[in-house]
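Okay, query10.pdb now, which holds PDB, C-alpha atoms:
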```pdb
ATOM      1  CA  MET A  22      19.059 -19.755  45.291
ATOM      2  CA  THR A  23      22.155 -21.573  46.485
ATOM      3  CA  GLN A  24      21.875 -25.335  46.534
ATOM      4  CA  HIS A  25      23.977 -27.076  49.159
ATOM      5  CA  LEU A  26      25.417 -30.459  48.351
ATOM      6  CA  THR A  27      25.102 -33.457  50.620
ATOM      7  CA  PRO A  28      28.278 -35.164  51.866
ATOM      8  CA  ALA A  29      27.951 -37.591  48.929
ATOM      9  CA  GLY A  30      28.022 -34.612  46.538
ATOM     10  CA  ARG A  31      24.341 -34.838  45.581
ATOM     11  CA  ARG A  32      21.805 -32.063  45.945
ATOM     12  CA  PRO A  33      19.308 -32.698  48.751
ATOM     13  CA  ALA A  34      15.833 -33.651  47.616
ATOM     14  CA  ASN A  35      13.450 -30.710  47.403
ATOM     15  CA  ARG A  36      10.713 -31.434  49.924
ATOM     16  CA  GLY A  37       8.615 -28.479  48.728
ATOM     17  CA  PRO A  38       5.960 -26.861  50.936
ATOM     18  CA  LYS A  39       6.168 -29.665  53.512
ATOM     19  CA  ALA A  40       9.600 -28.393  54.476
ATOM     20  CA  ALA A  41       8.456 -24.805  55.145
ATOM     21  CA  ALA A  42       7.802 -25.161  58.894
ATOM     22  CA  GLY A  43      11.039 -27.070  59.430
ATOM     23  CA  ASN A  44      13.008 -24.535  57.402
ATOM     24  CA  ARG A  45      11.536 -21.658  59.374
ATOM     25  CA  ALA A  46      12.371 -23.314  62.714
ATOM     26  CA  ALA A  47      15.918 -24.084  61.501
ATOM     27  CA  LEU A  48      16.358 -20.461  60.403
ATOM     28  CA  VAL A  49      15.192 -19.118  63.784
ATOM     29  CA  ASP A  50      17.556 -21.498  65.632
ATOM     30  CA  ALA A  51      20.428 -20.584  63.318
ATOM     31  CA  ALA A  52      19.719 -16.856  63.683
ATOM     32  CA  ARG A  53      19.777 -17.164  67.475
ATOM     33  CA  GLU A  54      23.215 -18.834  67.313
ATOM     34  CA  ILE A  55      24.673 -16.432  64.738
ATOM     35  CA  PHE A  56      23.297 -13.303  66.410
ATOM     36  CA  THR A  57      24.610 -14.518  69.785
ATOM     37  CA  ALA A  58      28.088 -15.099  68.383
ATOM     38  CA  ASP A  59      28.370 -12.163  65.988
ATOM     39  CA  GLY A  60      25.653  -9.652  66.857
ATOM     40  CA  LEU A  61      22.638  -8.463  64.923
ATOM     41  CA  ASP A  62      24.778  -7.212  62.026
ATOM     42  CA  ALA A  63      25.970 -10.726  61.106
ATOM     43  CA  PRO A  64      25.511 -11.595  57.410
ATOM     44  CA  LEU A  65      22.167 -13.230  56.690
ATOM     45  CA  SER A  66      23.955 -15.619  54.323
ATOM     46  CA  ARG A  67      25.626 -17.190  57.373
ATOM     47  CA  ILE A  68      22.222 -17.794  58.948
ATOM     48  CA  ALA A  69      21.004 -19.516  55.792
ATOM     49  CA  ARG A  70      24.137 -21.676  55.637
ATOM     50  CA  ARG A  71      23.845 -22.622  59.324
ATOM     51  CA  ALA A  72      20.194 -23.594  58.769
ATOM     52  CA  GLY A  73      21.135 -25.662  55.706
ATOM     53  CA  VAL A  74      18.985 -23.695  53.284
ATOM     54  CA  GLY A  75      19.573 -21.242  50.460
ATOM     55  CA  GLN A  76      19.225 -17.499  50.871
ATOM     56  CA  GLY A  77      16.071 -17.566  48.774
ATOM     57  CA  VAL A  78      14.434 -19.767  51.420
ATOM     58  CA  LEU A  79      15.525 -17.340  54.139
ATOM     59  CA  TYR A  80      14.011 -14.361  52.280
ATOM     60  CA  ARG A  81      10.753 -16.219  51.647
ATOM     61  CA  HIS A  82      10.299 -16.549  55.397
ATOM     62  CA  PHE A  83      11.976 -13.316  56.526
ATOM     63  CA  PRO A  84      12.115 -10.387  54.099
ATOM     64  CA  ASP A  85      14.741  -8.519  56.106
ATOM     65  CA  ARG A  86      17.012  -8.599  59.146
ATOM     66  CA  HIS A  87      14.364  -7.066  61.413
ATOM     67  CA  ALA A  88      11.891  -9.824  60.569
ATOM     68  CA  ILE A  89      14.235 -12.641  61.534
ATOM     69  CA  ALA A  90      15.392 -10.837  64.702
ATOM     70  CA  ALA A  91      11.725 -10.339  65.662
ATOM     71  CA  ALA A  92      11.066 -14.053  65.058
ATOM     72  CA  VAL A  93      13.922 -15.009  67.404
ATOM     73  CA  LEU A  94      12.611 -12.674  70.112
ATOM     74  CA  GLU A  95       9.046 -13.928  69.644
ATOM     75  CA  GLU A  96      10.262 -17.538  70.027
ATOM     76  CA  ASN A  97      12.175 -16.601  73.203
ATOM     77  CA  VAL A  98       9.037 -15.111  74.744
ATOM     78  CA  ARG A  99       6.881 -18.034  73.577
ATOM     79  CA  GLN A 100       9.200 -20.475  75.375
ATOM     80  CA  ILE A 101       8.929 -18.475  78.598
ATOM     81  CA  GLU A 102       5.144 -18.425  78.277
ATOM     82  CA  GLN A 103       5.071 -22.170  77.619
ATOM     83  CA  ALA A 104       7.284 -22.838  80.639
ATOM     84  CA  ALA A 105       4.977 -20.709  82.806
ATOM     85  CA  ALA A 106       1.856 -22.466  81.464
ATOM     86  CA  ALA A 107       3.230 -26.007  81.944
ATOM     87  CA  GLN A 108       1.546 -28.163  84.543
ATOM     88  CA  GLY A 109       3.162 -27.630  87.927
ATOM     89  CA  ALA A 110       5.182 -24.625  86.685
ATOM     90  CA  ARG A 111       7.313 -22.973  89.349
ATOM     91  CA  LEU A 112       8.932 -19.555  89.267
ATOM     92  CA  ASP A 113      12.453 -20.986  89.657
ATOM     93  CA  THR A 114      11.984 -23.188  86.572
ATOM     94  CA  VAL A 115      10.606 -20.330  84.481
ATOM     95  CA  LEU A 116      13.439 -18.067  85.632
ATOM     96  CA  GLY A 117      15.861 -20.765  84.455
ATOM     97  CA  VAL A 118      14.333 -20.551  80.961
ATOM     98  CA  LEU A 119      14.389 -16.738  81.060
ATOM     99  CA  THR A 120      18.016 -16.778  82.191
ATOM    100  CA  TRP A 121      18.958 -19.179  79.385
ATOM    101  CA  HIS A 122      17.531 -16.723  76.854
ATOM    102  CA  LEU A 123      19.356 -13.831  78.518
ATOM    103  CA  THR A 124      22.663 -15.693  78.181
ATOM    104  CA  GLN A 125      21.950 -16.463  74.514
ATOM    105  CA  SER A 126      20.771 -13.131  73.186
ATOM    106  CA  ALA A 127      21.851  -9.544  73.674
ATOM    107  CA  ALA A 128      18.795  -8.551  71.635
ATOM    108  CA  PHE A 129      16.574 -10.289  74.183
ATOM    109  CA  ILE A 130      18.166  -8.268  76.957
ATOM    110  CA  GLY A 131      17.397  -5.088  75.011
ATOM    111  CA  LEU A 132      13.811  -6.205  74.578
ATOM    112  CA  LEU A 133      13.299  -6.452  78.329
ATOM    113  CA  HIS A 134      14.270  -2.783  78.598
ATOM    114  CA  ALA A 135      11.395  -1.768  76.342
ATOM    115  CA  ASP A 136      11.382   1.836  77.523
ATOM    116  CA  GLY A 137      14.801   2.249  75.955
ATOM    117  CA  ALA A 138      13.944   0.552  72.674
ATOM    118  CA  ASN A 139      15.012   2.572  69.693
ATOM    119  CA  GLY A 140      14.005   2.245  66.083
ATOM    120  CA  GLY A 141      10.733   4.124  66.084
ATOM    121  CA  PRO A 142       7.290   3.706  67.590
ATOM    122  CA  SER A 143       6.543   0.337  65.984
ATOM    123  CA  VAL A 144       9.764  -1.202  67.329
ATOM    124  CA  ALA A 145       9.129   0.269  70.785
ATOM    125  CA  ALA A 146       5.536  -1.039  70.758
ATOM    126  CA  PHE A 147       6.731  -4.517  69.697
ATOM    127  CA  ALA A 148       9.375  -4.542  72.457
ATOM    128  CA  ARG A 149       6.875  -3.302  75.048
ATOM    129  CA  ASP A 150       4.345  -5.982  74.071
ATOM    130  CA  LEU A 151       6.880  -8.814  74.368
ATOM    131  CA  SER A 152       8.264  -7.428  77.624
ATOM    132  CA  GLU A 153       4.747  -7.281  79.089
ATOM    133  CA  ARG A 154       4.153 -10.891  78.024
ATOM    134  CA  VAL A 155       7.316 -11.950  79.879
ATOM    135  CA  GLU A 156       6.142 -10.087  82.969
ATOM    136  CA  ARG A 157       2.668 -11.718  82.848
ATOM    137  CA  ALA A 158       4.235 -15.168  82.499
ATOM    138  CA  LEU A 159       6.504 -14.604  85.500
ATOM    139  CA  ARG A 160       3.756 -13.067  87.620
ATOM    140  CA  GLY A 161       1.566 -16.088  86.998
ATOM    141  CA  CYS A 162       4.167 -18.225  88.805
ATOM    142  CA  LEU A 163       4.718 -15.960  91.814
ATOM    143  CA  ARG A 164       3.585 -17.513  95.091
ATOM    144  CA  ASP A 165       1.907 -15.367  97.718
ATOM    145  CA  GLY A 166       4.550 -13.740  99.859
ATOM    146  CA  HIS A 167       7.390 -14.076  97.301
ATOM    147  CA  ARG A 168       9.855 -11.238  97.671
ATOM    148  CA  LEU A 169       9.339 -10.177  94.016
ATOM    149  CA  GLY A 170       5.557 -10.085  94.324
ATOM    150  CA  ALA A 171       5.002  -7.515  97.053
ATOM    151  CA  PRO A 172       1.852  -5.540  96.098
ATOM    152  CA  GLU A 173       3.313  -2.319  97.474
ATOM    153  CA  ARG A 174       6.329  -2.696  95.129
ATOM    154  CA  PRO A 175       4.835  -3.801  91.774
ATOM    155  CA  ASP A 176       7.972  -2.920  89.813
ATOM    156  CA  ASP A 177      10.270  -5.242  91.779
ATOM    157  CA  LEU A 178       9.824  -8.247  89.484
ATOM    158  CA  MET A 179      10.910  -6.613  86.241
ATOM    159  CA  LEU A 180      13.462  -4.454  88.046
ATOM    160  CA  ALA A 181      15.107  -7.684  89.247
ATOM    161  CA  VAL A 182      15.034  -9.066  85.693
ATOM    162  CA  ALA A 183      16.626  -5.824  84.443
ATOM    163  CA  MET A 184      19.322  -5.989  87.123
ATOM    164  CA  VAL A 185      20.185  -9.572  86.236
ATOM    165  CA  SER A 186      20.186  -8.829  82.509
ATOM    166  CA  GLY A 187      22.665  -6.028  83.179
ATOM    167  CA  ALA A 188      25.005  -8.579  84.782
ATOM    168  CA  VAL A 189      24.873 -10.959  81.800
ATOM    169  CA  THR A 190      28.232 -10.176  80.242
ATOM    170  CA  GLY A 191      31.237 -12.226  79.271
ATOM    171  CA  PRO A 192      32.801 -13.896  76.258
ATOM    172  CA  THR A 193      31.172 -17.308  76.671
ATOM    173  CA  ARG A 194      27.688 -18.597  77.416
ATOM    174  CA  GLU A 195      29.047 -20.349  80.484
ATOM    175  CA  GLU A 196      30.482 -17.108  81.860
ATOM    176  CA  ARG A 197      27.255 -15.213  81.130
ATOM    177  CA  ALA A 198      25.214 -17.943  82.859
ATOM    178  CA  ARG A 199      27.561 -17.908  85.859
ATOM    179  CA  ARG A 200      27.191 -14.137  86.211
ATOM    180  CA  ALA A 201      23.401 -14.282  85.794
ATOM    181  CA  LEU A 202      23.066 -16.933  88.501
ATOM    182  CA  ALA A 203      25.343 -14.926  90.798
ATOM    183  CA  ALA A 204      23.122 -11.869  90.287
ATOM    184  CA  TRP A 205      19.943 -13.846  91.084
ATOM    185  CA  ARG A 206      21.683 -15.228  94.188
ATOM    186  CA  LEU A 207      22.609 -11.709  95.354
ATOM    187  CA  LEU A 208      18.932 -10.770  94.963
ATOM    188  CA  GLY A 209      17.979 -13.762  97.102
ATOM    189  CA  VAL A 210      16.071 -15.443  94.260
ATOM    190  CA  THR A 211      16.303 -19.164  93.515
ATOM    191  CA  VAL A 212      16.656 -20.132  89.850
ATOM    192  CA  GLY A 213      16.214 -23.579  88.342
ATOM    193  CA  PRO A 214      18.387 -25.139  85.638
ATOM    194  CA  VAL A 215      19.456 -22.654  82.976
ATOM    195  CA  ARG A 216      18.143 -24.263  79.799
ATOM    196  CA  PRO A 217      15.581 -23.744  77.038
ATOM    197  CA  PHE A 218      12.023 -24.915  77.529
ATOM    198  CA  GLU A 219      11.679 -28.360  76.000
ATOM    199  CA  GLY A 220       7.967 -29.023  76.506
TER     200      GLY A 220
END
```
Hey, can you dump this file as structure tokens for me?
Amino acid sequence: MTQHLTPAGRRPANRGPKAAAGNRAALVDAAREIFTADGLDAPLSRIARRAGVGQGVLYRHFPDRHAIAAAVLEENVRQIEQAAAAQGARLDTVLGVLTWHLTQSAAFIGLLHADGANGGPSVAAFARDLSERVERALRGCLRDGHRLGAPERPDDLMLAVAMVSGAVTGPTREERARRALAAWRLLGVTVGPVRPFEG
């Protein structure tokens, strides 16, 4: 295991098992950043370095690349569910959280197109499950009469999400966010601030 030195040149104190939850959260955050910048084939060593832990710590939490990618996607969906479950949750606010995740993660965009997921039945089932959770969270915030909630057109909600995710392109997060908001606007849907859910 690689030990990183502190700015003073000393090894950081080993906090043992108490650090496990913090290390895992740091690894998921680092993986989201690295995968966003460099794609899912980025070296796992870079994720460990960004999180400030050794590779041994990374492999204790995530035995392979698929495990850490799945953890990032699971955290994305959990944030959307938390935003939808918050007191006074509104669709525009939850769509802002969803849009933030779309601008951060190409893998998240792929997840929302679960029918096209490749990698075998278990990957497709995982993608379908997370996609359905996103849909349930969004549906729970739809007001009666909302244009995306028409009972005679039950696919409109996730079709709109798919259309917006297809527009999320560009070299920077700012450009991807600008394009996503433009796509929502063209669909006549109001979106709140594009940011992660912060509780």
What is the distance, in Å and to one decimal place, between atom CA of Ala42 of chain A and atom CA of Ala92 of chain A? 13.1 Å
If the PyMOL selection byres ((chain A and resi 76-82) around 12) were run on this exact file, what residues would it hold? Put them as JSON, numbers by chain. {"A": [22, 23, 24, 25, 35, 37, 38, 40, 41, 42, 43, 44, 45, 46, 47, 48, 49, 51, 52, 64, 65, 66, 67, 68, 69, 70, 71, 72, 73, 74, 75, 83, 84, 85, 86, 87, 88, 89, 92]}
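Checking A:Ala58, A:Leu159, A:Val144, A:Ala188 one by one against Val118 of chain A, counting all atoms listed in the file, you find the shortest gap at A:Leu159.
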Quick one: distance from atom CA of Val155 of chain A to atom CA of Ala203 of chain A in Å, one decimal? 21.3 Å
Could you list, as a VMD selection string, every residue matched by the PyMOL selection byres ((chain A and resi 98) around 10) in this structure? chain A and resid 92 to 97 99 to 104 118 to 119 122 129 151 to 155 158
Mind listing as a PyMOL selection string all residues within 6 Å of (6.8, -18.9, 85.6), counting only C-alpha atoms? chain A and resi 105+111-112+115+158-159+162
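Across the structure, atom CA of Ser126 of chain A and atom CA of Thr57 of chain A are spaced 5.3 Å apart.
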Give the answer as one residue: which of A:Val182, A:Gly191, A:Ala91, A:Arg53 has the shortest atom-to-atom distance to Ser143 of chain A, using all atoms listed in the file? A:Ala91
Written as a ChimeraX atom specification, what is the full residue list that the PyMOL selection byres ((chain A and resi 202) around 12) yields on the file shown? /A:113,116-117,119-121,123-124,182,184-186,188-190,195-201,203-215
Which residues, written as a PDB file with C-alpha atoms, in the frame of the given file, have at least one atom at most 8 Å from Glu156 of chain A, with all atoms listed in the file counted and residues fewer than 4 positions away on the same chain left out?
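After the write, out.pdb holds the following:
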```pdb
ATOM      1  CA  SER A 152       8.264  -7.428  77.624  1.00  0.00           C
ATOM      2  CA  ARG A 160       3.756 -13.067  87.620  1.00  0.00           C
ATOM      3  CA  LEU A 178       9.824  -8.247  89.484  1.00  0.00           C
ATOM      4  CA  MET A 179      10.910  -6.613  86.241  1.00  0.00           C
TER       5      MET A 179
END
```
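Proximity to Thr193 of chain A was assessed for A:Gln125, A:Gly109, A:Thr114, A:Gly60 counting all atoms listed in the file; the smallest distance is recorded for A:Gln125.
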